[in-house]
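J.: Could you have a look at this structure, given as structure tokens, before my questions?
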Amino acid sequence: MTEHQPRNAFDIPKLFYFEAKNIHTGSRGKLRYRVCPEGGELLVAVWRQDLCYELVMDQLEGENSFPLTEEGFDAMLAWLEEEYSRTQ
């Protein structure tokens with residue numbers, strides 16, 4: 001059995017996962033995030049409470065959108081890294 005290799009610092013699935021209209025939620029440290037494909041974009045929300053997205057929808061600390069492209073995916077990761085660094 002091979003050892004799990006992270007896809008990136010946030011362990012977010014590759015672009016194809018979102019092209020198939022899947023939603024991904026996760027965390028890194030105290031940062032929580034949700035990535036949702038919608039209308040050709042990746043909609044990203046972040047919060048720092050230890051609660052699920054549905055319970056903090058009205059209290060999100062940041063939201064952003066990125067094109068559903070490789071460039072947009074990379075920009076999303078860079079934005080999440082900035083948000084993560086604000087947590088430290």
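Chain labels run A, B, ... following the order of the structure tokens; each chain numbers its residues from 1, and ligands are numbered from 1 in the order shown.
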Please provide as a VMD selection string all residues within 8 Å of Pro67 in chain A, with the sequence filter that same-chain residues fewer than 2 positions apart are discarded (counting only C-alpha atoms).
T.: chain A and resid 40 to 42 65 69 71 to 73
J.: Let's have the selection written as a PDB file, in the first residue's frame, with N, CA and C atoms.
T.:
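Heads up, here's the output in out-v7.pdb:
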```pdb
ATOM      1  N   GLY A  40     -18.748  28.045 -13.796  1.00  0.00           N
ATOM      2  CA  GLY A  40     -17.419  28.220 -14.375  1.00  0.00           C
ATOM      3  C   GLY A  40     -16.413  28.832 -13.426  1.00  0.00           C
ATOM      4  N   GLU A  41     -16.741  28.894 -12.134  1.00  0.00           N
ATOM      5  CA  GLU A  41     -15.835  29.459 -11.140  1.00  0.00           C
ATOM      6  C   GLU A  41     -15.694  28.518  -9.954  1.00  0.00           C
ATOM      7  N   LEU A  42     -14.632  28.736  -9.212  1.00  0.00           N
ATOM      8  CA  LEU A  42     -14.451  28.081  -7.920  1.00  0.00           C
ATOM      9  C   LEU A  42     -14.797  29.117  -6.855  1.00  0.00           C
ATOM     10  N   SER A  65     -13.676  34.212  -5.453  1.00  0.00           N
ATOM     11  CA  SER A  65     -13.984  33.333  -6.579  1.00  0.00           C
ATOM     12  C   SER A  65     -12.829  33.368  -7.568  1.00  0.00           C
ATOM     13  N   THR A  69     -10.153  27.053 -13.947  1.00  0.00           N
ATOM     14  CA  THR A  69      -9.043  26.745 -14.852  1.00  0.00           C
ATOM     15  C   THR A  69      -7.832  26.393 -13.992  1.00  0.00           C
ATOM     16  N   GLU A  71      -5.045  27.996 -13.985  1.00  0.00           N
ATOM     17  CA  GLU A  71      -4.549  29.256 -13.450  1.00  0.00           C
ATOM     18  C   GLU A  71      -5.397  29.709 -12.262  1.00  0.00           C
ATOM     19  N   GLY A  72      -6.708  29.558 -12.389  1.00  0.00           N
ATOM     20  CA  GLY A  72      -7.608  29.911 -11.299  1.00  0.00           C
ATOM     21  C   GLY A  72      -7.383  29.022 -10.083  1.00  0.00           C
ATOM     22  N   PHE A  73      -7.148  27.741 -10.319  1.00  0.00           N
ATOM     23  CA  PHE A  73      -6.874  26.799  -9.236  1.00  0.00           C
ATOM     24  C   PHE A  73      -5.612  27.212  -8.480  1.00  0.00           C
TER      25      PHE A  73
END
```
J.: With DSSP run on the backbone, what are the strand (DSSP E) residues within chain A? I'd like them as a list in words.
T.: His24, Thr25, Gly26, Ser27, Arg28, Leu31, Arg32, Tyr33, Arg34, Val35, Cys36, Pro37, Glu38, Glu41, Leu42, Leu43, Val44, Ala45, Val46, Trp47, Gly62, Glu63, Asn64, Ser65, Phe66 and Pro67 of chain A
J.: Might you pull out every residue within 9 Å of Leu31 in chain A, with only C-alpha atoms counted and same-chain residues fewer than 4 positions away left off, and present them as a list in words?
T.: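 Once the adjacent positions are removed, what remains is Gly26, Ser27, Val46, Trp47, Arg48, Gln49, Asp50, Leu80, Glu83, Tyr84 and Thr87 of chain A.
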J.: Could you pull out the alpha helix (DSSP H) residues of chain A from DSSP and send them as a ChimeraX atom specification?
T.: /A:15-19,53-56,70-87
J.: Put those residues in a file: N, CA and C atoms, as a PDB file, in the first residue's frame.
T.:
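The result, written out as out-v3.pdb:
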```
ATOM      1  N   LEU A  15      -8.070  19.819 -10.229  1.00  0.00           N
ATOM      2  CA  LEU A  15      -9.119  20.565 -10.926  1.00  0.00           C
ATOM      3  C   LEU A  15     -10.236  19.666 -11.452  1.00  0.00           C
ATOM      4  N   PHE A  16      -9.908  18.470 -11.943  1.00  0.00           N
ATOM      5  CA  PHE A  16     -10.920  17.589 -12.501  1.00  0.00           C
ATOM      6  C   PHE A  16     -12.042  17.307 -11.505  1.00  0.00           C
ATOM      7  N   TYR A  17     -11.709  17.209 -10.228  1.00  0.00           N
ATOM      8  CA  TYR A  17     -12.678  16.967  -9.162  1.00  0.00           C
ATOM      9  C   TYR A  17     -13.767  18.043  -9.182  1.00  0.00           C
ATOM     10  N   PHE A  18     -13.373  19.282  -9.390  1.00  0.00           N
ATOM     11  CA  PHE A  18     -14.326  20.394  -9.406  1.00  0.00           C
ATOM     12  C   PHE A  18     -15.034  20.517 -10.753  1.00  0.00           C
ATOM     13  N   GLU A  19     -14.359  20.132 -11.826  1.00  0.00           N
ATOM     14  CA  GLU A  19     -15.018  20.114 -13.131  1.00  0.00           C
ATOM     15  C   GLU A  19     -16.165  19.112 -13.137  1.00  0.00           C
ATOM     16  N   TYR A  53     -19.407  24.285   7.787  1.00  0.00           N
ATOM     17  CA  TYR A  53     -19.804  25.398   6.916  1.00  0.00           C
ATOM     18  C   TYR A  53     -21.258  25.812   7.127  1.00  0.00           C
ATOM     19  N   GLU A  54     -22.145  24.843   7.228  1.00  0.00           N
ATOM     20  CA  GLU A  54     -23.567  25.138   7.350  1.00  0.00           C
ATOM     21  C   GLU A  54     -23.883  25.959   8.604  1.00  0.00           C
ATOM     22  N   LEU A  55     -23.076  25.817   9.645  1.00  0.00           N
ATOM     23  CA  LEU A  55     -23.314  26.558  10.878  1.00  0.00           C
ATOM     24  C   LEU A  55     -22.664  27.942  10.900  1.00  0.00           C
ATOM     25  N   VAL A  56     -21.769  28.222   9.965  1.00  0.00           N
ATOM     26  CA  VAL A  56     -21.097  29.526   9.946  1.00  0.00           C
ATOM     27  C   VAL A  56     -21.366  30.314   8.658  1.00  0.00           C
ATOM     28  N   GLU A  70      -6.782  25.889 -14.617  1.00  0.00           N
ATOM     29  CA  GLU A  70      -5.546  25.605 -13.875  1.00  0.00           C
ATOM     30  C   GLU A  70      -4.995  26.878 -13.239  1.00  0.00           C
ATOM     31  N   GLU A  71      -5.045  27.996 -13.985  1.00  0.00           N
ATOM     32  CA  GLU A  71      -4.549  29.256 -13.450  1.00  0.00           C
ATOM     33  C   GLU A  71      -5.397  29.709 -12.262  1.00  0.00           C
ATOM     34  N   GLY A  72      -6.708  29.558 -12.389  1.00  0.00           N
ATOM     35  CA  GLY A  72      -7.608  29.911 -11.299  1.00  0.00           C
ATOM     36  C   GLY A  72      -7.383  29.022 -10.083  1.00  0.00           C
ATOM     37  N   PHE A  73      -7.148  27.741 -10.319  1.00  0.00           N
ATOM     38  CA  PHE A  73      -6.874  26.799  -9.236  1.00  0.00           C
ATOM     39  C   PHE A  73      -5.612  27.212  -8.480  1.00  0.00           C
ATOM     40  N   ASP A  74      -4.559  27.572  -9.223  1.00  0.00           N
ATOM     41  CA  ASP A  74      -3.312  28.012  -8.595  1.00  0.00           C
ATOM     42  C   ASP A  74      -3.513  29.311  -7.821  1.00  0.00           C
ATOM     43  N   ALA A  75      -4.312  30.228  -8.378  1.00  0.00           N
ATOM     44  CA  ALA A  75      -4.604  31.490  -7.684  1.00  0.00           C
ATOM     45  C   ALA A  75      -5.388  31.222  -6.404  1.00  0.00           C
ATOM     46  N   MET A  76      -6.301  30.255  -6.444  1.00  0.00           N
ATOM     47  CA  MET A  76      -7.062  29.884  -5.259  1.00  0.00           C
ATOM     48  C   MET A  76      -6.132  29.377  -4.166  1.00  0.00           C
ATOM     49  N   LEU A  77      -5.191  28.512  -4.525  1.00  0.00           N
ATOM     50  CA  LEU A  77      -4.245  27.991  -3.542  1.00  0.00           C
ATOM     51  C   LEU A  77      -3.406  29.112  -2.939  1.00  0.00           C
ATOM     52  N   ALA A  78      -2.992  30.066  -3.761  1.00  0.00           N
ATOM     53  CA  ALA A  78      -2.210  31.209  -3.266  1.00  0.00           C
ATOM     54  C   ALA A  78      -3.043  32.042  -2.290  1.00  0.00           C
ATOM     55  N   TRP A  79      -4.329  32.264  -2.619  1.00  0.00           N
ATOM     56  CA  TRP A  79      -5.211  33.024  -1.731  1.00  0.00           C
ATOM     57  C   TRP A  79      -5.418  32.279  -0.408  1.00  0.00           C
ATOM     58  N   LEU A  80      -5.629  30.970  -0.476  1.00  0.00           N
ATOM     59  CA  LEU A  80      -5.784  30.184   0.747  1.00  0.00           C
ATOM     60  C   LEU A  80      -4.512  30.243   1.598  1.00  0.00           C
ATOM     61  N   GLU A  81      -3.366  30.242   0.959  1.00  0.00           N
ATOM     62  CA  GLU A  81      -2.103  30.348   1.698  1.00  0.00           C
ATOM     63  C   GLU A  81      -2.024  31.689   2.431  1.00  0.00           C
ATOM     64  N   GLU A  82      -2.467  32.768   1.775  1.00  0.00           N
ATOM     65  CA  GLU A  82      -2.509  34.082   2.432  1.00  0.00           C
ATOM     66  C   GLU A  82      -3.451  34.060   3.629  1.00  0.00           C
ATOM     67  N   GLU A  83      -4.626  33.474   3.444  1.00  0.00           N
ATOM     68  CA  GLU A  83      -5.596  33.376   4.540  1.00  0.00           C
ATOM     69  C   GLU A  83      -5.029  32.535   5.681  1.00  0.00           C
ATOM     70  N   TYR A  84      -4.336  31.473   5.348  1.00  0.00           N
ATOM     71  CA  TYR A  84      -3.740  30.606   6.362  1.00  0.00           C
ATOM     72  C   TYR A  84      -2.689  31.372   7.150  1.00  0.00           C
ATOM     73  N   SER A  85      -1.868  32.164   6.457  1.00  0.00           N
ATOM     74  CA  SER A  85      -0.800  32.901   7.143  1.00  0.00           C
ATOM     75  C   SER A  85      -1.366  33.941   8.118  1.00  0.00           C
ATOM     76  N   ARG A  86      -2.578  34.407   7.873  1.00  0.00           N
ATOM     77  CA  ARG A  86      -3.238  35.346   8.794  1.00  0.00           C
ATOM     78  C   ARG A  86      -3.660  34.645  10.090  1.00  0.00           C
ATOM     79  N   THR A  87      -3.762  33.330  10.049  1.00  0.00           N
ATOM     80  CA  THR A  87      -4.193  32.540  11.198  1.00  0.00           C
ATOM     81  C   THR A  87      -3.030  32.318  12.171  1.00  0.00           C
TER      82      THR A  87
END
```
J.: Of the candidates A:Ile12, A:Cys36, A:Ile23, A:Ala45, which shows the shortest atom-to-atom distance to Gln59 in chain A, using only C-alpha atoms?
T.: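 Checking each candidate against Gln59 in chain A, we get A:Ala45 as the closest.
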J.: Could you state the separation of CA of Gly29 in chain A and CA of Phe10 in chain A in Å, given to one decimal place?
T.: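 CA of Phe10 in chain A lies 9.9 Å from CA of Gly29 in chain A.
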J.: Using only C-alpha atoms, which residue out of A:Lys30, A:Asp58, A:Pro13, A:His24 lies closest to Val44 in chain A?
T.: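 So, comparing all the options, the nearest one is A:His24.
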J.: Between CA of Gly39 in chain A and CA of Lys14 in chain A, what is the distance, to one decimal in Å?
T.: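 So the answer is 17.9 Å.
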J.: Using only C-alpha atoms, can you tell me which of A:Ala20, A:Leu51, A:Ala9, A:Val35 comes closest to Glu63 in chain A?
T.: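 Of the candidates, the smallest distance to Glu63 in chain A is held by A:Val35.
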